[in-house]
Amino acid sequence: MSSSLLVTNAALYLDRGLEISDGWIHLEHGRVKAYGPMNLAPPEADRILSAEGRLVTPGMVNSHHHMYQNLTRSYAPVVNGTLFEWLKGLYPLWATLDEDAVYLSSYVAMTELLLGGCTTSMDHHYVHPRARLIDAQIRAARDIGFRFLATRGSMTRSVKDGGLPPDSVVQSEDVILEDSERLISLYHDPSPGALTRVALAPCSLFSVSETIMKESALMAERHEVRLHTHLAEDPDEDVYCKEVYGCTPTEYFERSGWASARSWVAHYIYPSGDEIDRLARKGVCAAQCPCSNMMIGGGAANALDLRRRGMKVGLGCDGSASTDHASLWLEARMALLLGRFQNGPHSMTARDALDMATRGGAACLGWEDEIGHLRIGACADLVIWQLPPLSRAGALSDPVEALLRCAPATAWYTIVAGRILVSEGQPCQSDLDRVLGEHERAARRMQKLS
């Protein structure tokens, strides 16, 4: 890896309100060292890469995902189900997960994310039929060089306890808490520029016990790590919380000790305005998942309304088995379309959607100081975008709007911590062909096709 890299002849979107129409950016030792317009002589570097007039942006940050689910993409028996029907149909398949399958699915997901302009992702892994599955994810991220926030998901309520999952994928409270401590101790790196961090992420209010919710919040505070869960995703969740806890999902979230600046939630489609205001004041962030929510037909959060009320909002690809892709560029484009559909033609811009995909995601992950922007000192995580000549023909006045309006766009180069992981539109991972072959065999076994 070169210790310094200079990208020249680029349209630079460095951060909200900071753009250079024709400029350069200098990366050194995994950080942004300098940037400027092309009429200002750039510094020397070990390697010079011309962007040839392409748009450069910060790497996108994926704030909600379930990587293992790419083993069951477009699974025919559940493609037209509701959220709960979809989960019930897939839990028995996911119960066969092992370390190899999780490594392969994580490797595939991370590589696909890189091609879609994502340089940092979390993953919400909550199905644990076997031990040390998150260890396998972290191994995949390290093999690739991907910036990764692993979240220790969990479920305790099986069908016999009134939950949705079968017994085979839930765990006891003691096992969950002990493994959470182990993962934080082994892998969480709070130091600047870290490539691996850990957070705690009980799956949802209807799949874990109140003890796990409260103890996770206490553990997160003790170890200074983030907290994540699904919240207010489906009307059935309101019914469940009313019957079991005598309150709304947001009220239960609050009384469990989760309403703090270390928490971010996925979806957040069905809260009241007052509930949004309360969580926004506490610093809770939200991940909108436009494609997943529209695909499953369960409604979608109004990101502009959440942002107007003071809540920071990121974007998430969500589970591949509902969205069937891992492109954060596609989520950003869909967020733009959804925002304008919900709020009218004068509402959302491409810069709003890009801000959600970068700064918003970084805020969700508690990483806004270092990623999601390209100001001096930021982590050297960036994307040089590629739009096919036919797609970009005529788009001459605004490269940021063109990025999300003209389609399809993919990463021409993706750089993480100053290291090139996608080059001229191709992943740099030498093991990818082998991994894809093994992934197909694992997916066939899981779907009982071989």
# chains A, B, ... in the order shown; residues from 1 in each chain; ligands from 1
$ residues_around --residues "Ala45 (chain A)" --least-positions-apart "6" --cutoff "8 Å" --atoms "only C-alpha atoms" --output "JSON, numbers by chain"
{"A": [4, 5, 6, 26]}
$ write_last_selection --atoms "N, CA and C atoms" --output "PDB file, in the first residue's frame"
ATOM      1  N   SER A   4       1.158   7.448   0.397  1.00  0.00           N
ATOM      2  CA  SER A   4       0.430   8.651  -0.006  1.00  0.00           C
ATOM      3  C   SER A   4      -0.156   8.459  -1.395  1.00  0.00           C
ATOM      4  N   LEU A   5      -1.322   9.041  -1.594  1.00  0.00           N
ATOM      5  CA  LEU A   5      -2.064   8.916  -2.849  1.00  0.00           C
ATOM      6  C   LEU A   5      -2.681  10.262  -3.180  1.00  0.00           C
ATOM      7  N   LEU A   6      -2.538  10.678  -4.420  1.00  0.00           N
ATOM      8  CA  LEU A   6      -3.113  11.939  -4.884  1.00  0.00           C
ATOM      9  C   LEU A   6      -4.140  11.645  -5.965  1.00  0.00           C
ATOM     10  N   HIS A  26      -5.414  14.857  -1.423  1.00  0.00           N
ATOM     11  CA  HIS A  26      -4.167  14.170  -1.067  1.00  0.00           C
ATOM     12  C   HIS A  26      -4.410  13.312   0.180  1.00  0.00           C
TER      13      HIS A  26
END
$ residues_around --residues "Arg445 (chain A)" --least-positions-apart "5" --cutoff "12 Å" --atoms "only C-alpha atoms" --output "PyMOL selection string"
chain A and resi 71-72+93-98+101+438-440+450
$ closest_residue --among "A:Ser105, A:Ser74, A:Thr229, A:Ser204" --to "Leu432 (chain A)" --atoms "only C-alpha atoms"
A:Ser105
$ closest_residue --among "A:Leu90, A:Ala350, A:Leu337, A:Ala136" --to "Pro399 (chain A)" --atoms "only C-alpha atoms"
A:Ala350
$ residues_around --residues "region 169-186 of chain A" --least-positions-apart "5" --cutoff "6 Å" --atoms "only C-alpha atoms" --output "compact mmCIF listing (two decimals) with N, CA and C atoms, in the first residue's frame"
# COMPACT_ATOMS: atom_id res chain seq x y z
N ALA A 95 -31.51 -21.17 10.57
CA ALA A 95 -31.08 -22.00 11.70
C ALA A 95 -29.92 -22.92 11.33
N VAL A 127 -29.00 -13.89 14.54
CA VAL A 127 -29.33 -15.32 14.51
C VAL A 127 -28.07 -16.11 14.90
N HIS A 128 -28.13 -16.83 16.01
CA HIS A 128 -26.95 -17.51 16.54
C HIS A 128 -27.23 -18.97 16.85
N PRO A 129 -27.44 -19.80 15.80
CA PRO A 129 -27.62 -21.22 16.06
C PRO A 129 -26.33 -21.91 16.50
N MET A 155 -31.55 -12.84 20.27
CA MET A 155 -32.97 -13.14 20.44
C MET A 155 -33.10 -14.13 21.59
N THR A 156 -34.11 -13.90 22.43
CA THR A 156 -34.39 -14.83 23.54
C THR A 156 -35.80 -15.40 23.47
N VAL A 198 -17.26 -2.71 17.83
CA VAL A 198 -18.33 -3.61 18.23
C VAL A 198 -19.43 -2.80 18.91
$ select_by_dssp --residues "region 93-339 of chain A" --states "strand (DSSP E or B)" --output "compact mmCIF listing (two decimals) with all heavy atoms, in the first residue's frame"
# COMPACT_ATOMS: atom_id res chain seq x y z
N CYS A 118 -19.77 1.98 -0.73
CA CYS A 118 -19.78 1.96 0.73
C CYS A 118 -18.39 1.56 1.23
O CYS A 118 -17.84 0.54 0.81
CB CYS A 118 -20.83 0.96 1.22
SG CYS A 118 -20.85 0.73 3.01
N THR A 119 -17.85 2.33 2.16
CA THR A 119 -16.53 2.04 2.74
C THR A 119 -16.60 1.61 4.20
O THR A 119 -15.61 1.12 4.73
CB THR A 119 -15.63 3.28 2.62
OG1 THR A 119 -16.30 4.42 3.19
CG2 THR A 119 -15.29 3.58 1.16
N THR A 120 -17.74 1.83 4.83
CA THR A 120 -17.94 1.41 6.22
C THR A 120 -19.34 0.85 6.35
O THR A 120 -20.30 1.44 5.87
CB THR A 120 -17.80 2.58 7.22
OG1 THR A 120 -16.51 3.17 7.09
CG2 THR A 120 -17.99 2.10 8.66
N SER A 121 -19.45 -0.29 7.03
CA SER A 121 -20.77 -0.85 7.29
C SER A 121 -20.82 -1.45 8.68
O SER A 121 -19.83 -1.97 9.19
CB SER A 121 -21.12 -1.93 6.26
OG SER A 121 -22.43 -2.44 6.48
N MET A 122 -22.01 -1.37 9.25
CA MET A 122 -22.30 -2.20 10.39
C MET A 122 -22.94 -3.48 9.89
O MET A 122 -23.25 -3.61 8.70
CB MET A 122 -23.25 -1.49 11.36
CG MET A 122 -24.60 -1.13 10.78
SD MET A 122 -25.84 -2.46 10.71
CE MET A 122 -26.22 -2.64 12.45
N ASP A 123 -23.11 -4.46 10.75
CA ASP A 123 -23.98 -5.59 10.44
C ASP A 123 -24.71 -6.01 11.68
O ASP A 123 -24.11 -6.13 12.77
CB ASP A 123 -23.22 -6.77 9.87
CG ASP A 123 -24.19 -7.82 9.34
OD1 ASP A 123 -24.96 -7.48 8.42
OD2 ASP A 123 -24.22 -8.94 9.87
N HIS A 124 -26.02 -6.22 11.53
CA HIS A 124 -26.87 -6.61 12.65
C HIS A 124 -27.08 -8.11 12.57
O HIS A 124 -28.01 -8.59 11.91
CB HIS A 124 -28.19 -5.85 12.57
CG HIS A 124 -29.03 -5.98 13.79
ND1 HIS A 124 -30.31 -5.49 13.87
CD2 HIS A 124 -28.79 -6.54 15.01
CE1 HIS A 124 -30.82 -5.73 15.06
NE2 HIS A 124 -29.91 -6.39 15.77
N HIS A 125 -26.20 -8.86 13.23
CA HIS A 125 -26.28 -10.32 13.19
C HIS A 125 -26.92 -10.81 14.48
O HIS A 125 -26.32 -10.76 15.55
CB HIS A 125 -24.91 -10.95 13.02
CG HIS A 125 -24.99 -12.42 12.72
ND1 HIS A 125 -24.97 -12.91 11.44
CD2 HIS A 125 -25.18 -13.48 13.53
CE1 HIS A 125 -25.11 -14.22 11.48
NE2 HIS A 125 -25.24 -14.60 12.73
N ARG A 147 -13.84 -1.36 6.58
CA ARG A 147 -14.10 -0.75 7.89
C ARG A 147 -15.47 -1.27 8.37
O ARG A 147 -16.47 -1.11 7.69
CB ARG A 147 -14.10 0.78 7.78
CG ARG A 147 -13.88 1.46 9.14
CD ARG A 147 -13.84 2.98 8.99
NE ARG A 147 -12.79 3.47 8.12
CZ ARG A 147 -11.52 3.65 8.47
NH1 ARG A 147 -11.13 3.36 9.71
NH2 ARG A 147 -10.63 4.12 7.60
N PHE A 148 -15.49 -1.84 9.58
CA PHE A 148 -16.63 -2.66 9.99
C PHE A 148 -17.00 -2.45 11.45
O PHE A 148 -16.14 -2.46 12.33
CB PHE A 148 -16.28 -4.13 9.76
CG PHE A 148 -17.41 -5.10 10.04
CD1 PHE A 148 -18.66 -4.92 9.48
CD2 PHE A 148 -17.19 -6.20 10.86
CE1 PHE A 148 -19.69 -5.83 9.73
CE2 PHE A 148 -18.20 -7.12 11.10
CZ PHE A 148 -19.46 -6.93 10.54
N LEU A 149 -18.29 -2.21 11.68
CA LEU A 149 -18.85 -2.19 13.03
C LEU A 149 -19.71 -3.43 13.20
O LEU A 149 -20.82 -3.52 12.68
CB LEU A 149 -19.68 -0.93 13.26
CG LEU A 149 -20.40 -0.85 14.60
CD1 LEU A 149 -19.41 -0.74 15.76
CD2 LEU A 149 -21.37 0.33 14.66
N ALA A 150 -19.18 -4.42 13.91
CA ALA A 150 -19.94 -5.64 14.17
C ALA A 150 -20.89 -5.39 15.33
O ALA A 150 -20.48 -4.84 16.35
CB ALA A 150 -18.98 -6.78 14.53
N THR A 151 -22.14 -5.78 15.18
CA THR A 151 -23.07 -5.63 16.29
C THR A 151 -23.52 -7.00 16.77
O THR A 151 -23.91 -7.85 15.97
CB THR A 151 -24.30 -4.77 15.92
OG1 THR A 151 -25.21 -5.52 15.13
CG2 THR A 151 -23.90 -3.50 15.21
N ARG A 152 -23.43 -7.20 18.07
CA ARG A 152 -23.80 -8.48 18.66
C ARG A 152 -25.31 -8.50 18.86
O ARG A 152 -25.85 -8.03 19.86
CB ARG A 152 -23.07 -8.67 19.99
CG ARG A 152 -22.80 -10.14 20.41
CD ARG A 152 -24.04 -11.00 20.49
NE ARG A 152 -23.69 -12.39 20.84
CZ ARG A 152 -24.56 -13.36 21.01
NH1 ARG A 152 -25.87 -13.12 20.82
NH2 ARG A 152 -24.18 -14.57 21.34
N GLY A 153 -26.02 -9.02 17.85
CA GLY A 153 -27.46 -9.14 17.94
C GLY A 153 -27.86 -10.32 18.80
O GLY A 153 -27.03 -11.18 19.15
N SER A 154 -29.13 -10.39 19.14
CA SER A 154 -29.59 -11.47 20.02
C SER A 154 -31.10 -11.62 19.96
O SER A 154 -31.82 -10.67 19.65
CB SER A 154 -29.16 -11.18 21.47
OG SER A 154 -29.64 -9.92 21.91
N THR A 196 -12.13 -1.82 13.09
CA THR A 196 -13.08 -2.75 13.68
C THR A 196 -13.61 -2.23 15.00
O THR A 196 -12.82 -1.91 15.91
CB THR A 196 -12.43 -4.13 13.94
OG1 THR A 196 -11.81 -4.59 12.74
CG2 THR A 196 -13.46 -5.14 14.40
N ARG A 197 -14.92 -2.14 15.11
CA ARG A 197 -15.56 -1.79 16.37
C ARG A 197 -16.74 -2.72 16.60
O ARG A 197 -17.18 -3.43 15.70
CB ARG A 197 -15.99 -0.32 16.39
CG ARG A 197 -14.80 0.63 16.49
CD ARG A 197 -15.17 2.09 16.53
NE ARG A 197 -13.96 2.91 16.63
CZ ARG A 197 -13.92 4.22 16.44
NH1 ARG A 197 -15.04 4.87 16.14
NH2 ARG A 197 -12.79 4.88 16.55
N VAL A 198 -17.26 -2.71 17.83
CA VAL A 198 -18.33 -3.61 18.23
C VAL A 198 -19.43 -2.80 18.91
O VAL A 198 -19.16 -1.84 19.65
CB VAL A 198 -17.80 -4.70 19.19
CG1 VAL A 198 -18.94 -5.58 19.71
CG2 VAL A 198 -16.74 -5.55 18.49
N ALA A 199 -20.68 -3.17 18.65
CA ALA A 199 -21.84 -2.58 19.34
C ALA A 199 -22.77 -3.71 19.78
O ALA A 199 -22.60 -4.86 19.38
CB ALA A 199 -22.56 -1.60 18.42
N LEU A 200 -23.75 -3.37 20.61
CA LEU A 200 -24.72 -4.34 21.11
C LEU A 200 -26.07 -4.09 20.44
O LEU A 200 -26.50 -2.95 20.33
CB LEU A 200 -24.85 -4.23 22.63
CG LEU A 200 -23.54 -4.42 23.40
CD1 LEU A 200 -23.78 -4.28 24.91
CD2 LEU A 200 -22.89 -5.75 23.09
N ALA A 201 -26.74 -5.19 20.02
CA ALA A 201 -27.91 -4.99 19.17
C ALA A 201 -28.97 -6.08 19.35
O ALA A 201 -29.18 -6.91 18.45
CB ALA A 201 -27.48 -4.93 17.70
N PRO A 202 -29.67 -6.11 20.49
CA PRO A 202 -30.83 -7.01 20.59
C PRO A 202 -31.73 -6.82 19.37
O PRO A 202 -31.95 -5.68 18.93
CB PRO A 202 -31.52 -6.55 21.87
CG PRO A 202 -30.42 -5.94 22.68
CD PRO A 202 -29.50 -5.29 21.69
N LEU A 227 -25.44 1.20 20.75
CA LEU A 227 -26.61 0.34 20.89
C LEU A 227 -27.48 0.45 19.64
O LEU A 227 -27.69 1.54 19.12
CB LEU A 227 -27.46 0.78 22.09
CG LEU A 227 -26.97 0.45 23.50
CD1 LEU A 227 -27.78 1.24 24.52
CD2 LEU A 227 -27.09 -1.05 23.77
N HIS A 228 -28.02 -0.71 19.21
CA HIS A 228 -28.83 -0.71 18.00
C HIS A 228 -29.95 -1.74 18.11
O HIS A 228 -29.78 -2.81 18.71
CB HIS A 228 -27.96 -1.05 16.78
CG HIS A 228 -28.70 -1.04 15.48
ND1 HIS A 228 -29.36 0.08 15.00
CD2 HIS A 228 -28.88 -2.01 14.54
CE1 HIS A 228 -29.90 -0.20 13.83
NE2 HIS A 228 -29.65 -1.46 13.54
N THR A 229 -31.12 -1.43 17.54
CA THR A 229 -32.22 -2.38 17.45
C THR A 229 -33.20 -1.91 16.38
O THR A 229 -33.14 -0.77 15.91
CB THR A 229 -32.94 -2.53 18.81
OG1 THR A 229 -33.81 -3.66 18.77
CG2 THR A 229 -33.76 -1.28 19.15
N HIS A 230 -34.12 -2.82 15.98
CA HIS A 230 -35.25 -2.42 15.15
C HIS A 230 -36.27 -1.72 16.05
O HIS A 230 -36.48 -2.13 17.19
CB HIS A 230 -35.92 -3.64 14.52
CG HIS A 230 -35.03 -4.44 13.63
ND1 HIS A 230 -34.25 -5.48 14.07
CD2 HIS A 230 -34.82 -4.37 12.28
CE1 HIS A 230 -33.58 -6.01 13.06
NE2 HIS A 230 -33.92 -5.36 11.95
N LEU A 231 -36.95 -0.72 15.52
CA LEU A 231 -37.97 -0.03 16.32
C LEU A 231 -39.07 0.53 15.44
O LEU A 231 -38.80 1.16 14.41
CB LEU A 231 -37.33 1.11 17.14
CG LEU A 231 -38.27 1.82 18.11
CD1 LEU A 231 -38.75 0.87 19.21
CD2 LEU A 231 -37.59 3.04 18.73
N SER A 263 -27.52 5.42 21.04
CA SER A 263 -28.44 4.50 20.36
C SER A 263 -28.81 4.97 18.95
O SER A 263 -28.94 6.17 18.71
CB SER A 263 -29.73 4.36 21.17
OG SER A 263 -29.49 3.81 22.44
N TRP A 264 -28.96 4.01 18.06
CA TRP A 264 -29.62 4.28 16.78
C TRP A 264 -30.54 3.11 16.45
O TRP A 264 -30.30 1.99 16.89
CB TRP A 264 -28.62 4.58 15.67
CG TRP A 264 -28.04 3.45 14.88
CD1 TRP A 264 -28.39 3.06 13.63
CD2 TRP A 264 -26.95 2.58 15.27
NE1 TRP A 264 -27.60 2.00 13.20
CE2 TRP A 264 -26.71 1.70 14.19
CE3 TRP A 264 -26.15 2.47 16.41
CZ2 TRP A 264 -25.72 0.71 14.22
CZ3 TRP A 264 -25.17 1.48 16.45
CH2 TRP A 264 -24.97 0.63 15.37
N VAL A 265 -31.62 3.42 15.75
CA VAL A 265 -32.66 2.43 15.50
C VAL A 265 -32.87 2.28 14.00
O VAL A 265 -32.63 3.19 13.21
CB VAL A 265 -34.00 2.83 16.17
CG1 VAL A 265 -33.82 2.90 17.69
CG2 VAL A 265 -34.53 4.16 15.64
N ALA A 266 -33.32 1.08 13.63
CA ALA A 266 -33.60 0.81 12.22
C ALA A 266 -35.08 0.97 11.92
O ALA A 266 -35.93 0.57 12.71
CB ALA A 266 -33.16 -0.62 11.87
N HIS A 267 -35.37 1.59 10.79
CA HIS A 267 -36.71 1.75 10.22
C HIS A 267 -37.47 2.93 10.84
O HIS A 267 -37.68 3.92 10.19
CB HIS A 267 -37.52 0.45 10.31
CG HIS A 267 -36.82 -0.72 9.70
ND1 HIS A 267 -36.57 -0.79 8.34
CD2 HIS A 267 -36.29 -1.84 10.25
CE1 HIS A 267 -35.92 -1.91 8.08
NE2 HIS A 267 -35.74 -2.56 9.21
N CYS A 285 -30.39 8.30 16.87
CA CYS A 285 -30.36 8.40 15.40
C CYS A 285 -31.21 7.28 14.79
O CYS A 285 -31.55 6.30 15.48
CB CYS A 285 -28.93 8.29 14.88
SG CYS A 285 -27.77 9.50 15.54
N ALA A 286 -31.53 7.42 13.51
CA ALA A 286 -32.35 6.41 12.83
C ALA A 286 -31.74 6.04 11.49
O ALA A 286 -31.13 6.88 10.82
CB ALA A 286 -33.77 6.92 12.63
N ALA A 287 -31.92 4.78 11.09
CA ALA A 287 -31.50 4.29 9.78
C ALA A 287 -32.74 4.04 8.94
O ALA A 287 -33.57 3.19 9.28
CB ALA A 287 -30.69 3.01 9.93
N GLN A 288 -32.88 4.80 7.86
CA GLN A 288 -33.95 4.54 6.91
C GLN A 288 -33.50 3.47 5.92
O GLN A 288 -32.34 3.48 5.48
CB GLN A 288 -34.33 5.81 6.13
CG GLN A 288 -35.55 5.63 5.23
CD GLN A 288 -35.70 6.75 4.21
OE1 GLN A 288 -34.74 7.13 3.56
NE2 GLN A 288 -36.91 7.27 4.07
N VAL A 313 -30.31 11.01 10.46
CA VAL A 313 -30.82 9.85 9.74
C VAL A 313 -29.78 9.34 8.76
O VAL A 313 -29.26 10.10 7.94
CB VAL A 313 -32.12 10.19 8.98
CG1 VAL A 313 -32.67 8.95 8.27
CG2 VAL A 313 -33.17 10.76 9.93
N GLY A 314 -29.47 8.04 8.86
CA GLY A 314 -28.60 7.38 7.90
C GLY A 314 -29.41 6.47 6.99
O GLY A 314 -30.64 6.40 7.08
N LEU A 315 -28.71 5.77 6.12
CA LEU A 315 -29.34 4.83 5.19
C LEU A 315 -28.80 3.43 5.42
O LEU A 315 -27.62 3.25 5.75
CB LEU A 315 -29.08 5.24 3.74
CG LEU A 315 -29.70 6.55 3.27
CD1 LEU A 315 -29.31 6.84 1.84
CD2 LEU A 315 -31.22 6.52 3.42
N ASP A 318 -30.27 -3.01 4.67
CA ASP A 318 -31.10 -4.00 5.34
C ASP A 318 -30.79 -5.39 4.81
O ASP A 318 -29.76 -5.62 4.18
CB ASP A 318 -32.58 -3.65 5.19
CG ASP A 318 -33.44 -4.29 6.30
OD1 ASP A 318 -32.88 -4.84 7.25
OD2 ASP A 318 -34.67 -4.24 6.19
N GLY A 319 -31.65 -6.35 5.07
CA GLY A 319 -31.34 -7.74 4.74
C GLY A 319 -31.43 -8.00 3.26
O GLY A 319 -32.36 -7.58 2.58
$ select_by_dssp --residues "region 148-238 of chain A" --states "helix (DSSP H, G or I)" --output "PyMOL selection string"
chain A and resi 159-161+167-169+173-187+210-223+235-238
$ closest_residue --among "A:Ala10, A:Cys241, A:Ala332, A:Ile415" --to "Asp381 (chain A)" --atoms "only C-alpha atoms"
A:Ile415
$ atom_distance --atom1 "CA of Leu18 (chain A)" --atom2 "CA of Arg307 (chain A)"
20.2 Å
$ atom_distance --atom1 "CA of Ser209 (chain A)" --atom2 "CA of Ser168 (chain A)"
16.6 Å
$ closest_residue --among "A:Leu404, A:Leu374, A:Met67, A:Leu104" --to "Trp24 (chain A)" --atoms "only C-alpha atoms"
A:Leu374
$ residues_around --residues "Pro408 (chain A)" --least-positions-apart "4" --cutoff "9 Å" --atoms "only C-alpha atoms" --output "ChimeraX atom specification"
/A:329-330,386-388,391,403-404
$ closest_residue --among "A:Val208, A:Leu49, A:Ala353, A:Ala217" --to "Ser423 (chain A)" --atoms "only C-alpha atoms"
A:Leu49
$ closest_atom_pairs --of "region 279-358 of chain A" --to "region 50-58 of chain A" --cutoff "12 Å" --atoms "only C-alpha atoms" --output "tab-separated table"
residue	atom	partner	partner_atom	distance
A:Trp329	CA	A:Thr57	CA	11.5
A:Arg351	CA	A:Thr57	CA	11.0
A:Leu354	CA	A:Thr57	CA	8.9
A:Asp355	CA	A:Pro58	CA	9.8
A:Met356	CA	A:Pro58	CA	11.7
A:Ala357	CA	A:Pro58	CA	9.4
A:Thr358	CA	A:Pro58	CA	6.7
$ atom_distance --atom1 "CA of Gly437 (chain A)" --atom2 "CA of Arg132 (chain A)"
23.1 Å
$ residues_around --residues "Arg392 (chain A)" --least-positions-apart "2" --cutoff "9 Å" --atoms "only C-alpha atoms" --output "MDAnalysis selection string"
chainID A and resid 387:390 394:396 402:403 406:407
$ closest_residue --among "A:Ala34, A:Leu115, A:Met219, A:Met60" --to "Ala326 (chain A)" --atoms "only C-alpha atoms"
A:Leu115
